[in-house]
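Peer 1: For reference, the structure I am asking about is given below.
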Amino acid sequence: MLDLHCKQAQDAKKWSFLHGVNSVHHLKQMVFQQLKSGLPVSDETFDRLYSASVQKIAAFYFTPVEVAKAAAAFLVTAPGKKVLDIGSGAGKFCMVGASCTEGAFTGIEQRQQLHLVASELTAKHQIQNVQFLHSNIIDIRFDQFDAVYFYNAFYENIWSDFMIDQTTETHRDLYFSYSKFVREQLDSMPPGTRLVTYFSFLEEVPASYSLQQSLFDDKLKMWVKEA
Ligand SMILES: C[S@@+](CC[C@H](N)C(=O)[O-])C[C@H]1O[C@@H](n2cnc3c(N)ncnc32)[C@H](O)[C@@H]1O
């Protein structure tokens, strides 16, 4: 890990020297350049893009960079494939995915504050192929997308310790109704549709999806819809 940080610091120095820049903005911009070039970026480095208050929740609530890279690589089977992130938080999964693949990522987030953080960061760093919408997922139809990513977004309804903040209504029934909505939307998608779940109880995965691979201690699961 230490080696990785040293390598990143060296790369950062080299890049800044070559490009004649040393501002904080440019160093932050370099995170996306590194992701694009396939160079490793630690979560610590990525999460520094966020303000201190968002950094506090990042480790627990946002997909780690290496997990996001593996998920995005599975979901984007060809340039332009449209990927939906159900509950996009501050946009980490979508931003990493859009930087590492040629997919088009859309993040749906119910918390306005997190939605704004994701949108502002994307605009500031001019990240292409990513958009964020402020909405509850139940108002979104999945048939406009090719592939779906799900990081246990509804868990806060059954375990209050998992709540990011108190700005949304939570209720046990919502966990089941949101999961049912996602399950039905996924079930209505065409054969071959790809789904990745992370830390999920699989309540939202229809029987029509078959498991292809599990990674990261079985927490990341990759699925394909059968006929
Ligand atoms: C565990 S975080 C994952 C964030 C992001 N997908 C990532 O991996 O970086 C789950 C997010 O889902 C959001 N969420 C929960 N229920 C939602 C709903 N019904 N509609 C939209 N967003 C929701 C939460 O506000 C939270 O930001």
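By order in the structure tokens, chains are A, B, ...; within a chain, residues start at 1; ligands start at 1, following the order shown.
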Could you pull out the helix (DSSP H, G or I) residues of segment 11-171 of chain A from DSSP and send them as a ChimeraX atom specification?
Peer 2: /A:11-19,24-36,43-47,52-61,65-75,92-100,112-124,137-139,142-144,155-157,160-162
Peer 1: Generate the output file for the selected residues, C-alpha atoms, as a compact mmCIF listing (two decimals), in the first residue's frame.
Peer 2:
# COMPACT_ATOMS: atom_id res chain seq x y z
CA ASP A 11 3.34 10.09 -10.81
CA ALA A 12 1.68 13.25 -9.50
CA LYS A 13 5.02 15.04 -9.28
CA LYS A 14 6.07 13.86 -12.73
CA TRP A 15 2.75 14.84 -14.28
CA SER A 16 2.79 18.27 -12.62
CA PHE A 17 6.36 18.85 -13.77
CA LEU A 18 5.67 17.78 -17.36
CA HIS A 19 2.53 19.89 -17.58
CA VAL A 24 -4.74 21.88 -6.19
CA HIS A 25 -7.31 21.84 -9.00
CA HIS A 26 -4.82 20.36 -11.45
CA LEU A 27 -3.60 17.81 -8.96
CA LYS A 28 -7.21 16.78 -8.39
CA GLN A 29 -7.75 16.69 -12.14
CA MET A 30 -4.87 14.25 -12.29
CA VAL A 31 -6.95 11.67 -10.42
CA PHE A 32 -9.13 11.35 -13.52
CA GLN A 33 -6.12 11.31 -15.86
CA GLN A 34 -4.65 8.47 -13.84
CA LEU A 35 -7.91 6.52 -13.92
CA LYS A 36 -8.14 7.03 -17.68
CA ASP A 43 -9.55 5.56 -2.23
CA GLU A 44 -7.79 8.01 0.04
CA THR A 45 -6.67 10.00 -3.01
CA PHE A 46 -10.05 9.84 -4.75
CA ASP A 47 -12.01 10.78 -1.64
CA ALA A 52 -14.26 17.14 4.65
CA SER A 53 -17.89 16.39 5.56
CA VAL A 54 -18.42 14.16 2.50
CA GLN A 55 -15.06 12.45 3.06
CA LYS A 56 -16.35 11.35 6.46
CA ILE A 57 -19.02 9.15 4.88
CA ALA A 58 -17.04 8.07 1.83
CA ALA A 59 -15.34 4.96 3.20
CA PHE A 60 -18.58 3.38 4.37
CA TYR A 61 -21.07 4.53 1.73
CA VAL A 65 -12.17 2.55 -6.64
CA GLU A 66 -10.99 -0.99 -7.42
CA VAL A 67 -14.50 -2.39 -6.94
CA ALA A 68 -15.97 0.34 -9.18
CA LYS A 69 -13.40 -0.43 -11.88
CA ALA A 70 -14.25 -4.16 -11.86
CA ALA A 71 -18.00 -3.49 -11.85
CA ALA A 72 -17.81 -0.94 -14.67
CA ALA A 73 -15.61 -3.22 -16.80
CA PHE A 74 -18.26 -5.96 -16.52
CA LEU A 75 -21.21 -3.63 -17.21
CA LYS A 92 -18.00 8.01 -6.96
CA PHE A 93 -19.04 4.84 -8.82
CA CYS A 94 -20.24 6.77 -11.89
CA MET A 95 -17.18 9.03 -12.03
CA VAL A 96 -14.75 6.13 -11.75
CA GLY A 97 -16.74 4.10 -14.29
CA ALA A 98 -16.91 6.97 -16.79
CA SER A 99 -13.17 7.58 -16.45
CA CYS A 100 -12.16 3.93 -16.86
CA GLN A 112 -30.28 16.63 -3.01
CA GLN A 113 -27.07 17.56 -1.23
CA LEU A 114 -25.22 14.48 -2.50
CA HIS A 115 -26.70 14.91 -5.97
CA LEU A 116 -25.34 18.48 -6.07
CA VAL A 117 -21.88 17.38 -4.91
CA ALA A 118 -21.75 14.79 -7.73
CA SER A 119 -23.00 17.22 -10.38
CA GLU A 120 -20.64 20.01 -9.36
CA LEU A 121 -17.59 17.74 -9.26
CA THR A 122 -18.42 16.32 -12.69
CA ALA A 123 -18.75 19.80 -14.18
CA LYS A 124 -15.63 21.11 -12.45
CA ILE A 137 -35.45 5.61 -8.08
CA ILE A 138 -39.15 4.67 -8.17
CA ASP A 139 -39.70 7.54 -10.63
CA PHE A 142 -34.99 1.22 -16.44
CA ASP A 143 -35.73 0.49 -20.11
CA GLN A 144 -33.64 3.53 -21.15
CA TYR A 155 -30.61 -0.82 3.55
CA GLU A 156 -31.06 2.36 5.58
CA ASN A 157 -34.78 1.55 5.71
CA SER A 160 -31.08 3.01 10.96
CA ASP A 161 -27.33 2.88 11.77
CA PHE A 162 -26.81 2.78 8.00
Peer 1: Within 6 Å of ligand 1, counting only C-alpha atoms and all ligand atoms, which protein or nucleic acid residues do you find, written as a PDB file with N, CA and C atoms, in the first residue's frame?
Peer 2:
ATOM      1  N   TYR A  61     -19.910   4.463   2.632  1.00  0.00           N
ATOM      2  CA  TYR A  61     -21.075   4.535   1.734  1.00  0.00           C
ATOM      3  C   TYR A  61     -20.756   4.541   0.241  1.00  0.00           C
ATOM      4  N   PHE A  62     -19.501   4.785  -0.122  1.00  0.00           N
ATOM      5  CA  PHE A  62     -19.199   4.877  -1.553  1.00  0.00           C
ATOM      6  C   PHE A  62     -18.368   3.672  -2.002  1.00  0.00           C
ATOM      7  N   THR A  63     -18.584   3.250  -3.229  1.00  0.00           N
ATOM      8  CA  THR A  63     -17.873   2.091  -3.776  1.00  0.00           C
ATOM      9  C   THR A  63     -16.367   2.365  -3.853  1.00  0.00           C
ATOM     10  N   ASP A  85     -26.824   3.842 -12.125  1.00  0.00           N
ATOM     11  CA  ASP A  85     -26.412   3.605 -10.738  1.00  0.00           C
ATOM     12  C   ASP A  85     -27.596   3.975  -9.840  1.00  0.00           C
ATOM     13  N   GLY A  87     -29.097   4.998  -6.731  1.00  0.00           N
ATOM     14  CA  GLY A  87     -28.613   5.614  -5.498  1.00  0.00           C
ATOM     15  C   GLY A  87     -27.135   5.954  -5.661  1.00  0.00           C
ATOM     16  N   SER A  88     -26.867   7.059  -6.349  1.00  0.00           N
ATOM     17  CA  SER A  88     -25.490   7.353  -6.768  1.00  0.00           C
ATOM     18  C   SER A  88     -24.679   8.128  -5.743  1.00  0.00           C
ATOM     19  N   GLY A  89     -25.289   8.514  -4.622  1.00  0.00           N
ATOM     20  CA  GLY A  89     -24.542   9.224  -3.579  1.00  0.00           C
ATOM     21  C   GLY A  89     -23.836  10.443  -4.142  1.00  0.00           C
ATOM     22  N   GLY A  91     -21.517  10.328  -6.288  1.00  0.00           N
ATOM     23  CA  GLY A  91     -21.111  10.083  -7.674  1.00  0.00           C
ATOM     24  C   GLY A  91     -19.853   9.265  -7.887  1.00  0.00           C
ATOM     25  N   LYS A  92     -19.312   8.671  -6.816  1.00  0.00           N
ATOM     26  CA  LYS A  92     -17.999   8.012  -6.956  1.00  0.00           C
ATOM     27  C   LYS A  92     -18.026   6.869  -7.982  1.00  0.00           C
ATOM     28  N   PHE A  93     -19.001   5.960  -7.871  1.00  0.00           N
ATOM     29  CA  PHE A  93     -19.037   4.837  -8.818  1.00  0.00           C
ATOM     30  C   PHE A  93     -19.133   5.346 -10.258  1.00  0.00           C
ATOM     31  N   ILE A 108     -28.718   8.118 -10.142  1.00  0.00           N
ATOM     32  CA  ILE A 108     -29.972   8.644  -9.588  1.00  0.00           C
ATOM     33  C   ILE A 108     -29.818   8.719  -8.071  1.00  0.00           C
ATOM     34  N   GLU A 109     -30.046   9.893  -7.510  1.00  0.00           N
ATOM     35  CA  GLU A 109     -29.844  10.058  -6.061  1.00  0.00           C
ATOM     36  C   GLU A 109     -30.999  10.854  -5.454  1.00  0.00           C
ATOM     37  N   GLN A 110     -31.523  10.341  -4.346  1.00  0.00           N
ATOM     38  CA  GLN A 110     -32.654  11.019  -3.697  1.00  0.00           C
ATOM     39  C   GLN A 110     -32.219  12.163  -2.772  1.00  0.00           C
ATOM     40  N   ARG A 111     -30.977  12.131  -2.292  1.00  0.00           N
ATOM     41  CA  ARG A 111     -30.531  13.213  -1.394  1.00  0.00           C
ATOM     42  C   ARG A 111     -29.975  14.368  -2.248  1.00  0.00           C
ATOM     43  N   SER A 135     -33.576  12.352  -7.922  1.00  0.00           N
ATOM     44  CA  SER A 135     -34.884  11.686  -7.993  1.00  0.00           C
ATOM     45  C   SER A 135     -34.896  10.478  -7.074  1.00  0.00           C
ATOM     46  N   ASN A 136     -36.105  10.070  -6.714  1.00  0.00           N
ATOM     47  CA  ASN A 136     -36.244   8.758  -6.093  1.00  0.00           C
ATOM     48  C   ASN A 136     -36.214   7.733  -7.225  1.00  0.00           C
ATOM     49  N   ILE A 137     -35.597   6.607  -7.012  1.00  0.00           N
ATOM     50  CA  ILE A 137     -35.450   5.605  -8.076  1.00  0.00           C
ATOM     51  C   ILE A 137     -36.821   5.121  -8.583  1.00  0.00           C
ATOM     52  N   TYR A 151     -25.566  -0.649  -5.179  1.00  0.00           N
ATOM     53  CA  TYR A 151     -24.822  -0.798  -3.921  1.00  0.00           C
ATOM     54  C   TYR A 151     -25.800  -0.581  -2.769  1.00  0.00           C
ATOM     55  N   ASN A 152     -26.460  -1.643  -2.424  1.00  0.00           N
ATOM     56  CA  ASN A 152     -27.311  -1.746  -1.226  1.00  0.00           C
ATOM     57  C   ASN A 152     -27.973  -0.438  -0.771  1.00  0.00           C
ATOM     58  N   ALA A 153     -28.579   0.258  -1.727  1.00  0.00           N
ATOM     59  CA  ALA A 153     -29.085   1.608  -1.453  1.00  0.00           C
ATOM     60  C   ALA A 153     -30.229   1.659  -0.432  1.00  0.00           C
ATOM     61  N   PHE A 154     -31.005   0.593  -0.316  1.00  0.00           N
ATOM     62  CA  PHE A 154     -32.238   0.684   0.488  1.00  0.00           C
ATOM     63  C   PHE A 154     -32.067   0.200   1.921  1.00  0.00           C
TER      64      PHE A 154
END
Peer 1: Tell me, in Å to one decimal, how far atom CA of Ser200 of chain A is from atom CA of Lys82 of chain A.
Peer 2: 21.8 Å
Peer 1: Considering only C-alpha atoms, can you say which of A:Ala207, A:Ile86, A:Met222, A:Val130 comes closest to Ser188 of chain A?
Peer 2: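 Residue with the minimum atom-to-atom distance to Ser188 of chain A: A:Ala207.
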Peer 1: Extract, using only C-alpha atoms, all DNA, RNA and protein residues at most 12 Å from Asp218 of chain A, discarding same-chain residues fewer than 5 positions from it, and format them as a short mmCIF file (atom, residue, chain, number, x, y, z; two decimals) with C-alpha atoms, in the first residue's frame.
Peer 2:
data_model
loop_
_atom_site.label_atom_id
_atom_site.label_comp_id
_atom_site.auth_asym_id
_atom_site.auth_seq_id
_atom_site.Cartn_x
_atom_site.Cartn_y
_atom_site.Cartn_z
CA VAL A 67 -14.50 -2.39 -6.94
CA VAL A 196 -23.76 -5.78 -10.64
CA THR A 197 -24.68 -5.85 -6.96
CA TYR A 198 -22.39 -4.84 -4.10
CA PHE A 199 -23.11 -5.74 -0.46
CA SER A 200 -26.63 -6.78 -1.37
CA PHE A 201 -29.08 -9.16 0.30
CA LEU A 211 -24.74 -15.23 -11.37
CA GLN A 212 -21.61 -15.10 -13.53
CA GLN A 213 -18.90 -14.19 -11.04
#
Peer 1: May I ask which of the residues A:Lys219, A:His134, A:Lys225, A:His171 is the closest one to Asp146 of chain A, counting only C-alpha atoms?
Peer 2: A:Lys225
